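**Student:** The structure under discussion is supplied below as structure tokens; questions concerning it will follow.
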Amino acid sequence: MDKKVKWGVLGTAGIAAGCTIPGMIGTESCELYAIAGRSYDKALTFKERFGFEKAYSGYEALLADPEVDAVYIPLPNDIHCEWVIKALNAHKHVLCEKPIAMNEEELRKMFAAAKENGVILMEAFAYLHSPFITKLRSIVESGEIGKVDYIDTAFVTQGYSEDFRLHKEQGGGGIYDVGCYCTSMILSLIDSPVKYVKADAELDVSGVDHLASAMIGFENGARATFNAGMVLGTDTCDRYDRLFIHGSNGYIRSDAEYNGSGVLSLTVTVKKENGERLTRTEAVKAGSNYAMELENMNECIRNGTEPHITEDFSLKNMQLLDSILDASGYNA
């Protein structure tokens, strides 16, 4: 077996504790080497809880450790660029939590630093590694439902009593947090340049969007819509997910959760020439998207394969998010 990749984690965020670190543990190619936090006590707690070899007080100390091969960054959105570039300049491969940047300008700086240092940078859209997404795309690409002309999706979560998502200066709001899932899903299924974007959002007094809607038109004639927000009560852990893909010969529906695992289902309806509609349900068994994401990243590091989430895809998604943030009034 190839040598394990030694991972360091910058920060003790909930997404790291609940999802990505367990994903690392679920692979055969990750070594939990180092954890760093602004609070050394919290870093020590993570070290003992998950079995890291080392704990550091402060992110710089971890980046200075020559044993660290790769770094996972789950920090608030507004400091992704700073710490991604610092990690890349320390010659560490980087997996950065979505959305990877606040805007296209930041994103281009990050990937330029990756190239300059000869290391890999990948955006952490774990759900796109799922066999459920592979199944969706295979049905669409097979032509079974015809040419895709419309997609509708939603990702709406709880509100928060206190969280970085409530602070605009930290890149808060539903568009950045969950709208990026909707845009990435749409772009993974429609391969055409964006023609227009229309969007609206409910903004609080600080300018953070709590509920947003967007309409997207593509050069090939396809259209897409989505709803994203954080309005399902406060600290409830409630969420709402939906997906509808319409084509010239049929459509696909699913209520499977973004980043869902276990048995996920979708229904495919195909329209026959005589007007009859045939519907079937397909079930896809999905393991940890986070483990699959880490396996992909480790394969890139060890064997030079291309990241599943490419620079080009992240750039297209960031450009679309920029347009939506502009159109919704978030960037005013």
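Scheme for the structure tokens: letters A, B, ... for chains in order shown; per-chain residue numbers from 1; ligand numbers from 1 in order shown.
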As number ranges by chain, list the residues of range 156-239 of chain A assigned to strand (DSSP E) by DSSP on the backbone atoms of this structure.

**Tutor:** A: 156-159, 194-203, 209-218, 223-234, 239

**Student:** Mind running range 166-285 of chain A against range 57-77 of chain A at 12 Å and telling me each contacting residue's nearest atom pair with the distance in Å (one decimal), counting only C-alpha atoms, chain and number ascending, as JSON lines?

**Tutor:**
{"residue": "A:Leu166", "atom": "CA", "partner": "A:Pro76", "partner_atom": "CA", "distance": 11.3}
{"residue": "A:His167", "atom": "CA", "partner": "A:Pro76", "partner_atom": "CA", "distance": 10.1}
{"residue": "A:Lys168", "atom": "CA", "partner": "A:Asn77", "partner_atom": "CA", "distance": 10.0}
{"residue": "A:Glu169", "atom": "CA", "partner": "A:Asn77", "partner_atom": "CA", "distance": 9.2}
{"residue": "A:Gln170", "atom": "CA", "partner": "A:Asn77", "partner_atom": "CA", "distance": 5.9}
{"residue": "A:Gly171", "atom": "CA", "partner": "A:Asn77", "partner_atom": "CA", "distance": 5.2}
{"residue": "A:Gly172", "atom": "CA", "partner": "A:Asn77", "partner_atom": "CA", "distance": 7.7}
{"residue": "A:Gly173", "atom": "CA", "partner": "A:Asn77", "partner_atom": "CA", "distance": 10.5}
{"residue": "A:Tyr176", "atom": "CA", "partner": "A:Asn77", "partner_atom": "CA", "distance": 8.4}
{"residue": "A:Asp177", "atom": "CA", "partner": "A:Asn77", "partner_atom": "CA", "distance": 9.0}

**Student:** For each of A:Ile145, A:Ile216, A:Leu232, A:Ile309, take the minimum atom-to-atom distance to Asn249 in chain A, counting only C-alpha atoms, then give the residue where this is smallest.

**Tutor:** A:Ile145

**Student:** Quick one: of A:Phe313, A:Trp7, A:Phe226, A:Tyr56, who's nearest to Tyr33 in chain A, counting only C-alpha atoms?

**Tutor:**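 Among the listed residues, A:Trp7 lies closest to Tyr33 in chain A.
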
**Student:** Need to verify the contact set: range 198-207 of chain A, 10 Å, only C-alpha atoms, exclusion of same-chain residues closer than 5 positions in sequence. Can you return it as a ChimeraX atom specification?

**Tutor:** /A:166-169,172-175,212-217,225-229,323-332

**Student:** Using only C-alpha atoms for the distances, tell me which of A:Ser288, A:Asn298, A:Gln319, A:Ser265 is nearest to Phe132 in chain A.

**Tutor:** A:Ser265

**Student:** From the DSSP assignment of the backbone, select every residue of range 26-123 of chain A that is helix (DSSP H, G or I), and format the answer as a ChimeraX atom specification.

**Tutor:** /A:40-50,59-63,77-89,104-117
